[in-house]
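Student: Can you keep this structure in mind? I'll have questions shortly.
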Amino acid sequence: MSHHIVAADALCFSYPDGTAALKEVTFCIHHGESVAVIGANGAGKSTLLQHLNGFLTPTSGTVRIGDATVTRDNLCDVRKTVGMVFQNPDDQLFMPTVYEDVAFGPRNLGMSVADVERKVRDALAAVDAGHLAAKPPYRLSGGEKKRVAIATVLAMDPAILVMDEPTAGLDPFARREVIGLLKAFSHTKIITSHDLDMVAEVCGRVIVLHAGQLRADGPTGQLFADRSLLAACHLEPPLSMQHCALCGRAATPLSAAA
Amino acid sequence: MSVIEGSILDFRRLDLLAREDSIIHRLDPRTKVLVTLAFILVVVSFDRYAVNALLPFAIFPVALMAVANLPTRFIAGKVLTVSFFAVAIGILNPLLDRQILIQIDGIGISGGWLSFISILLRSALTVTAALILTATTGFGAICQALERLGMPTIFARQLTFMYRYLFVLAEESQRMSNARELRSCRGTGMGIRPYASMVGHLLLRTWERAERVHRAMLCRGYKGNMVTQKSAGMRLWDLSFLLGWITLFVLLRMYDVPRLLGHLTMMPHL
Ligand SMILES: Nc1ncnc2c1ncn2[C@@H]1O[C@H](COP(=O)(O)OP(=O)(O)O)[C@@H](O)[C@H]1O
Ligand SMILES: [Mg+2]
């Protein structure tokens, strides 16, 4: 898997109850790109992400990671390549202490004790959470939980980071910290979010889903300037691009805002 | 629900205490688990009227609390809470068993009262020992120790997960219960029926969460067995701690020390 391409080809998915959550979605994301998947509630964003590491299997169409189509047989490799940060960190932190939790992945990969130790230290340092190592997860604040959840994924050395709503539920300061982290990572990033200001800062490319269909795919600035497209998909431009009702500041184009 | 909340917070306190440092904290968890188990077994093995033979066993919790520097009032408070259950279990004994067994200053004490006091003592001793174990070891480490001592892996893992998600579940049920209370102005809010639905919701949510947690584990290479790191292992200090206490327990079990010392004048064992 030298070229970390993530590609969906005519991807369709229906839930067992008949809900068609994805309809003929096609895109190709290249190595090092930072892409946001946006759309209203129920547009199919989470469903799409679940396909990227094989938790859901397409009803028709394919998902390709690197040179390989995702199938039952290569799930292990795919999950090692694609690091997934869940929306709710409580689902992701299940071990008694932060250290144990971050060590869970590397130990499963069969690393030596010394290697595990180094991996955990590096991963925690990367999210600025080294001091939390001995704490149990339930004693962490929301922002700390999020950063540690990211560390658990980083410790696996994924080439591609997939995150569902990374800034949802965080206070402004914690949100700022997470944005700082995201900008610093050189991984290929695929992020879903309703926080379009964060998207404007972190992602160069945006994929817009609406009712399971891909509506648009292009540079962030260009799509966010297309008001009619956003309105049709039940979205609003980021606050930084809106006219300010309080101080009367005119809307700024994205290049200046970011 | 706030009762759960209260006891949960105390669990957190126990976990915090476990992260302090003392020579007791530094013992291998297995040593402490074994000594505590031995203590509990010996204490419950006494016959039902034993009272003064149990008293010397207090030396174990007292010594450990002192050396490990545990907050006496906190532990005592917890023991007191649990004692209510012991009272509930033993309260009928004085009524059912009225045969006078011993005389103290001319007042006859019935077998029922003796066994009632014995139950209280035993529960206080064993609960204190278990609390001290948790407060010096931490729940996660105890689970790991149990697993390494031969408890079936699946049980040890269940305990670990239960402990982790107990907090999440308690918070969730608390939120739901609050939501119900807020909308049932003073009244009973449709009686018992909302509770049935709430329990149903909780079960479903728990199920879904379990699925997500399992996914998170698969994401990180979980293949069905938990890879854990072994701690340093037992050292000389562990061995002497283990053997020392167990020898003392056996001696105290075999010889009724208070009677040997002649301090108390109760009737001989039955
Ligand atoms: N487990 C499920 N069973 C049936 N339908 C579902 C399930 N999960 C999601 N859906 C439906 O699929 C659609 C897309 O959901 P989702 O991918 O979660 O949207 P988003 O993450 O964009 O808010 C929605 O219409 C939702 O109701
Ligand atoms: Mg979603």
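Starting from 1 in every chain, residues are counted up; chains themselves are A, B, ... following the order of the structure tokens, and ligands are numbered from 1 as listed.
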Would you list which chain B residues are within 7 Å of chain A using only C-alpha atoms, as a PyMOL selection string?

Tutor: chain B and resi 140+164+209+212-213+216+219-222+227

Student: Kindly work out which residues sit at most 8 Å from ligand 2, using only C-alpha atoms and all ligand atoms, and give the list as an NGL selection string.

Tutor: :A and (41-42 or 44-47 or 87 or 164-165 or 192)

Student: Keeping only N, CA, C and O atoms, write the selected residues as a short mmCIF file (atom, residue, chain, number, x, y, z; two decimals), in the first residue's frame.

Tutor:
```cif
data_model
loop_
_atom_site.label_atom_id
_atom_site.label_comp_id
_atom_site.auth_asym_id
_atom_site.auth_seq_id
_atom_site.Cartn_x
_atom_site.Cartn_y
_atom_site.Cartn_z
N ASN A 41 -27.77 16.59 8.81
CA ASN A 41 -27.98 15.37 9.59
C ASN A 41 -28.65 14.32 8.73
O ASN A 41 -29.60 14.62 8.01
N GLY A 42 -28.15 13.10 8.80
CA GLY A 42 -28.77 12.01 8.06
C GLY A 42 -28.37 11.97 6.60
O GLY A 42 -28.94 11.20 5.82
N GLY A 44 -25.66 10.85 5.42
CA GLY A 44 -24.95 9.60 5.11
C GLY A 44 -23.46 9.67 5.40
O GLY A 44 -22.70 8.78 5.01
N LYS A 45 -23.03 10.72 6.12
CA LYS A 45 -21.60 10.89 6.40
C LYS A 45 -21.04 9.74 7.23
O LYS A 45 -20.04 9.12 6.86
N SER A 46 -21.70 9.47 8.35
CA SER A 46 -21.19 8.40 9.23
C SER A 46 -21.22 7.06 8.49
O SER A 46 -20.29 6.26 8.61
N THR A 47 -22.27 6.84 7.72
CA THR A 47 -22.37 5.60 6.96
C THR A 47 -21.18 5.48 6.00
O THR A 47 -20.57 4.41 5.89
N GLN A 87 -16.77 9.41 17.00
CA GLN A 87 -17.39 10.66 17.45
C GLN A 87 -17.41 10.75 18.97
O GLN A 87 -17.11 11.79 19.53
N ASP A 164 -14.85 11.27 12.79
CA ASP A 164 -16.27 11.64 12.75
C ASP A 164 -16.47 12.78 13.74
O ASP A 164 -16.30 12.60 14.94
N GLU A 165 -16.80 13.94 13.24
CA GLU A 165 -17.11 15.10 14.09
C GLU A 165 -16.05 15.37 15.17
O GLU A 165 -16.38 15.34 16.35
N THR A 192 -15.54 14.29 8.96
CA THR A 192 -16.90 14.80 8.80
C THR A 192 -17.11 15.86 9.87
O THR A 192 -16.54 15.77 10.95
#
```

Student: At a cut-off of 8 Å around ligand 1, and using only C-alpha atoms and all ligand atoms, what residues come up? Please write them as a count of residues only.

Tutor: 23

Student: Report as number ranges by chain all protein, DNA and RNA residues lying within 12 Å of region 81-96 of chain B, evaluated on only C-alpha atoms, omitting residues in the same chain fewer than 2 positions from it.

Tutor: B: 3, 6-7, 10, 48-49, 74-79, 98-100, 109-128, 130-131

Student: Would you mind exporting the chosen residues as a compact mmCIF listing (two decimals), in the first residue's frame, restricted to N, CA, C and O atoms?

Tutor:
```
# COMPACT_ATOMS: atom_id res chain seq x y z
N VAL B 3 -28.51 7.58 44.73
CA VAL B 3 -27.77 6.65 45.58
C VAL B 3 -26.63 6.03 44.78
O VAL B 3 -25.48 5.98 45.20
N GLY B 6 -23.91 8.48 44.23
CA GLY B 6 -23.07 8.65 45.40
C GLY B 6 -22.04 7.55 45.52
O GLY B 6 -20.85 7.82 45.68
N SER B 7 -22.48 6.31 45.38
CA SER B 7 -21.54 5.22 45.57
C SER B 7 -20.53 5.18 44.43
O SER B 7 -19.38 4.81 44.61
N ASP B 10 -17.74 7.43 45.13
CA ASP B 10 -16.83 6.86 46.10
C ASP B 10 -15.89 5.84 45.46
O ASP B 10 -14.75 5.72 45.85
N ARG B 48 -20.63 -19.85 64.30
CA ARG B 48 -21.55 -18.70 64.27
C ARG B 48 -21.59 -17.90 65.57
O ARG B 48 -22.07 -16.77 65.58
N TYR B 49 -21.12 -18.46 66.69
CA TYR B 49 -21.18 -17.70 67.94
C TYR B 49 -19.85 -17.02 68.28
O TYR B 49 -19.73 -16.39 69.31
N PHE B 74 -13.21 7.90 55.87
CA PHE B 74 -13.81 7.50 54.61
C PHE B 74 -14.10 5.99 54.60
O PHE B 74 -15.22 5.57 54.31
N ILE B 75 -13.08 5.20 54.96
CA ILE B 75 -13.25 3.74 54.96
C ILE B 75 -14.33 3.34 55.97
O ILE B 75 -15.22 2.55 55.68
N ALA B 76 -14.26 3.94 57.18
CA ALA B 76 -15.23 3.61 58.22
C ALA B 76 -16.65 3.93 57.73
O ALA B 76 -17.58 3.15 57.94
N GLY B 77 -16.81 5.05 57.05
CA GLY B 77 -18.12 5.43 56.53
C GLY B 77 -18.67 4.38 55.57
O GLY B 77 -19.83 3.98 55.65
N LYS B 78 -17.80 3.93 54.66
CA LYS B 78 -18.21 2.90 53.70
C LYS B 78 -18.62 1.62 54.42
O LYS B 78 -19.63 1.01 54.10
N VAL B 79 -17.78 1.22 55.42
CA VAL B 79 -18.07 -0.02 56.15
C VAL B 79 -19.42 0.09 56.85
O VAL B 79 -20.23 -0.83 56.85
N ARG B 98 -33.13 -17.82 71.50
CA ARG B 98 -33.15 -17.13 72.79
C ARG B 98 -32.42 -17.89 73.89
O ARG B 98 -32.43 -17.49 75.05
N GLN B 99 -31.79 -18.96 73.53
CA GLN B 99 -31.11 -19.77 74.56
C GLN B 99 -29.93 -18.98 75.13
O GLN B 99 -29.09 -18.45 74.40
N ILE B 100 -29.88 -18.86 76.47
CA ILE B 100 -28.81 -18.10 77.10
C ILE B 100 -27.51 -18.90 77.01
O ILE B 100 -27.45 -20.06 77.42
N ILE B 109 -26.69 -13.57 78.10
CA ILE B 109 -26.68 -13.18 76.69
C ILE B 109 -27.09 -14.38 75.86
O ILE B 109 -26.52 -15.45 75.99
N SER B 110 -28.10 -14.18 75.02
CA SER B 110 -28.62 -15.32 74.27
C SER B 110 -27.76 -15.61 73.05
O SER B 110 -27.00 -14.76 72.57
N GLY B 111 -27.87 -16.82 72.55
CA GLY B 111 -27.13 -17.22 71.35
C GLY B 111 -27.46 -16.32 70.19
O GLY B 111 -26.61 -16.00 69.36
N GLY B 112 -28.72 -15.88 70.12
CA GLY B 112 -29.13 -15.00 69.03
C GLY B 112 -28.34 -13.72 68.99
O GLY B 112 -27.87 -13.29 67.93
N TRP B 113 -28.18 -13.09 70.16
CA TRP B 113 -27.41 -11.85 70.20
C TRP B 113 -25.95 -12.11 69.83
O TRP B 113 -25.34 -11.33 69.11
N LEU B 114 -25.41 -13.22 70.34
CA LEU B 114 -24.01 -13.54 70.03
C LEU B 114 -23.81 -13.67 68.52
O LEU B 114 -22.89 -13.08 67.94
N SER B 115 -24.71 -14.44 67.88
CA SER B 115 -24.50 -14.67 66.45
C SER B 115 -24.75 -13.37 65.67
O SER B 115 -24.12 -13.11 64.65
N PHE B 116 -25.65 -12.52 66.18
CA PHE B 116 -25.89 -11.23 65.54
C PHE B 116 -24.62 -10.38 65.57
O PHE B 116 -24.17 -9.84 64.55
N ILE B 117 -24.01 -10.29 66.76
CA ILE B 117 -22.77 -9.52 66.89
C ILE B 117 -21.69 -10.13 66.01
O ILE B 117 -20.91 -9.43 65.35
N SER B 118 -21.65 -11.45 65.97
CA SER B 118 -20.65 -12.13 65.18
C SER B 118 -20.79 -11.78 63.70
O SER B 118 -19.80 -11.51 63.01
N ILE B 119 -22.04 -11.73 63.23
CA ILE B 119 -22.26 -11.37 61.82
C ILE B 119 -21.78 -9.95 61.55
O ILE B 119 -21.10 -9.68 60.55
N LEU B 120 -22.10 -9.02 62.46
CA LEU B 120 -21.67 -7.63 62.27
C LEU B 120 -20.15 -7.56 62.21
O LEU B 120 -19.58 -6.89 61.34
N LEU B 121 -19.49 -8.26 63.14
CA LEU B 121 -18.03 -8.23 63.19
C LEU B 121 -17.43 -8.76 61.90
O LEU B 121 -16.54 -8.16 61.30
N ARG B 122 -17.94 -9.91 61.49
CA ARG B 122 -17.41 -10.54 60.28
C ARG B 122 -17.60 -9.64 59.07
O ARG B 122 -16.69 -9.49 58.25
N SER B 123 -18.79 -9.06 58.95
CA SER B 123 -19.02 -8.22 57.78
C SER B 123 -18.09 -7.01 57.83
O SER B 123 -17.49 -6.63 56.83
N ALA B 124 -17.94 -6.42 59.03
CA ALA B 124 -17.05 -5.25 59.13
C ALA B 124 -15.62 -5.63 58.74
O ALA B 124 -14.96 -4.93 57.98
N LEU B 125 -15.15 -6.76 59.26
CA LEU B 125 -13.77 -7.18 58.97
C LEU B 125 -13.56 -7.46 57.48
O LEU B 125 -12.61 -6.96 56.87
N THR B 126 -14.46 -8.24 56.89
CA THR B 126 -14.24 -8.62 55.50
C THR B 126 -14.41 -7.43 54.56
O THR B 126 -13.64 -7.25 53.62
N VAL B 127 -15.42 -6.59 54.85
CA VAL B 127 -15.63 -5.43 53.98
C VAL B 127 -14.44 -4.47 54.07
O VAL B 127 -13.96 -3.95 53.07
N THR B 128 -13.94 -4.27 55.29
CA THR B 128 -12.78 -3.39 55.43
C THR B 128 -11.60 -3.94 54.63
O THR B 128 -10.92 -3.21 53.92
N ALA B 130 -11.65 -5.86 52.00
CA ALA B 130 -11.88 -5.70 50.57
C ALA B 130 -11.68 -4.25 50.14
O ALA B 130 -11.10 -3.97 49.09
N LEU B 131 -12.15 -3.31 50.97
CA LEU B 131 -11.97 -1.89 50.65
C LEU B 131 -10.49 -1.53 50.63
O LEU B 131 -10.04 -0.80 49.74
```

Student: Using only C-alpha atoms, which protein or nucleic acid residues come within 9 Å of Asp197 (chain A)? Drop anything in the same chain fewer than 4 positions from it, and give the result as a ChimeraX atom specification.

Tutor: /A:201-202,237-241,258

Student: Between CA of Asp28 (chain B) and CA of Cys143 (chain B), what distance in Å does the model show, to one decimal?

Tutor: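 One can read the CA of Asp28 (chain B) to CA of Cys143 (chain B) distance as 12.7 Å.
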
Student: My list of candidates is B:Phe11, B:Met234, B:Leu54, B:Phe155. Which is closest to Phe249 (chain B) when distances are computed with only C-alpha atoms?

Tutor: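 Result for the nearest residue to Phe249 (chain B): B:Leu54.
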
Student: What is the CA of Gly143 (chain A)-CA of Leu170 (chain A) distance in Å, reported with one decimal?

Tutor: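 According to the coordinates, CA of Gly143 (chain A) and CA of Leu170 (chain A) are separated by 6.1 Å.
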
Student: Report as a PyMOL selection string all protein, DNA and RNA residues lying within 7 Å of Asp256 (chain B), evaluated on only C-alpha atoms, omitting residues in the same chain fewer than 4 positions from it.

Tutor: chain B and resi 53+252+260

Student: Please return as a PyMOL selection string: the residues of region 23-253 of chain B that backbone DSSP assigns to helix (DSSP H, G or I).

Tutor: chain B and resi 29-44+55-68+72-90+93-96+111-137+139-148+153-182+193-219+236-253

Student: Would you mind listing what lies within 9 Å of Ala126 (chain A) as a PyMOL selection string, with only C-alpha atoms counted and same-chain residues fewer than 4 positions away left out?

Tutor: chain A and resi 121-122+130+151+154+181

Student: Write the residues of the preceding selection, restricted to N, CA, C and O atoms, as a short mmCIF file (atom, residue, chain, number, x, y, z; two decimals), in the first residue's frame.

Tutor:
```cif
data_model
loop_
_atom_site.label_atom_id
_atom_site.label_comp_id
_atom_site.auth_asym_id
_atom_site.auth_seq_id
_atom_site.Cartn_x
_atom_site.Cartn_y
_atom_site.Cartn_z
N ARG A 121 4.44 6.70 24.53
CA ARG A 121 4.98 8.00 24.92
C ARG A 121 4.88 8.99 23.77
O ARG A 121 4.42 10.11 23.94
N ASP A 122 5.29 8.54 22.58
CA ASP A 122 5.26 9.42 21.42
C ASP A 122 3.84 9.86 21.08
O ASP A 122 3.58 11.03 20.82
N GLY A 130 0.84 13.70 27.70
CA GLY A 130 1.76 12.82 28.42
C GLY A 130 1.44 12.75 29.91
O GLY A 130 1.56 11.70 30.54
N ALA A 151 -4.77 9.92 20.29
CA ALA A 151 -3.48 9.26 20.56
C ALA A 151 -3.59 7.75 20.39
O ALA A 151 -2.67 7.12 19.85
N LEU A 154 -3.18 7.23 16.79
CA LEU A 154 -1.84 7.56 16.30
C LEU A 154 -0.84 6.45 16.64
O LEU A 154 0.08 6.18 15.87
N LEU A 181 -3.97 20.40 16.44
CA LEU A 181 -3.42 19.06 16.22
C LEU A 181 -3.65 18.61 14.79
O LEU A 181 -2.74 18.14 14.11
#
```

Student: Calculated over only C-alpha atoms, which of the candidates B:Ala141, B:Val51, B:Leu80, B:Ala156 has the smallest distance to His25 (chain B)?

Tutor: B:Ala141

Student: Hey, what's within 9 Å of Phe27 (chain A) if we count only C-alpha atoms and toss same-chain stuff fewer than 5 positions away? As a list in words, please?

Tutor: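 Contacts, in chain order: Val6, Ala7, Ala8, Asp9, Ala10, Ile207, Leu214 and Asp217 of chain A.
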
Student: As a PyMOL selection string, please: all residues of region 14-232 of chain A that backbone DSSP puts in strand (DSSP E).

Tutor: chain A and resi 14+20-29+34-38+60-65+68-69+82-85+160-164+188-192+205-210+213-219

Student: Can you tell me how far CA of Phe173 (chain A) sits from CA of Leu140 (chain A), in Å to one decimal?

Tutor: 15.3 Å
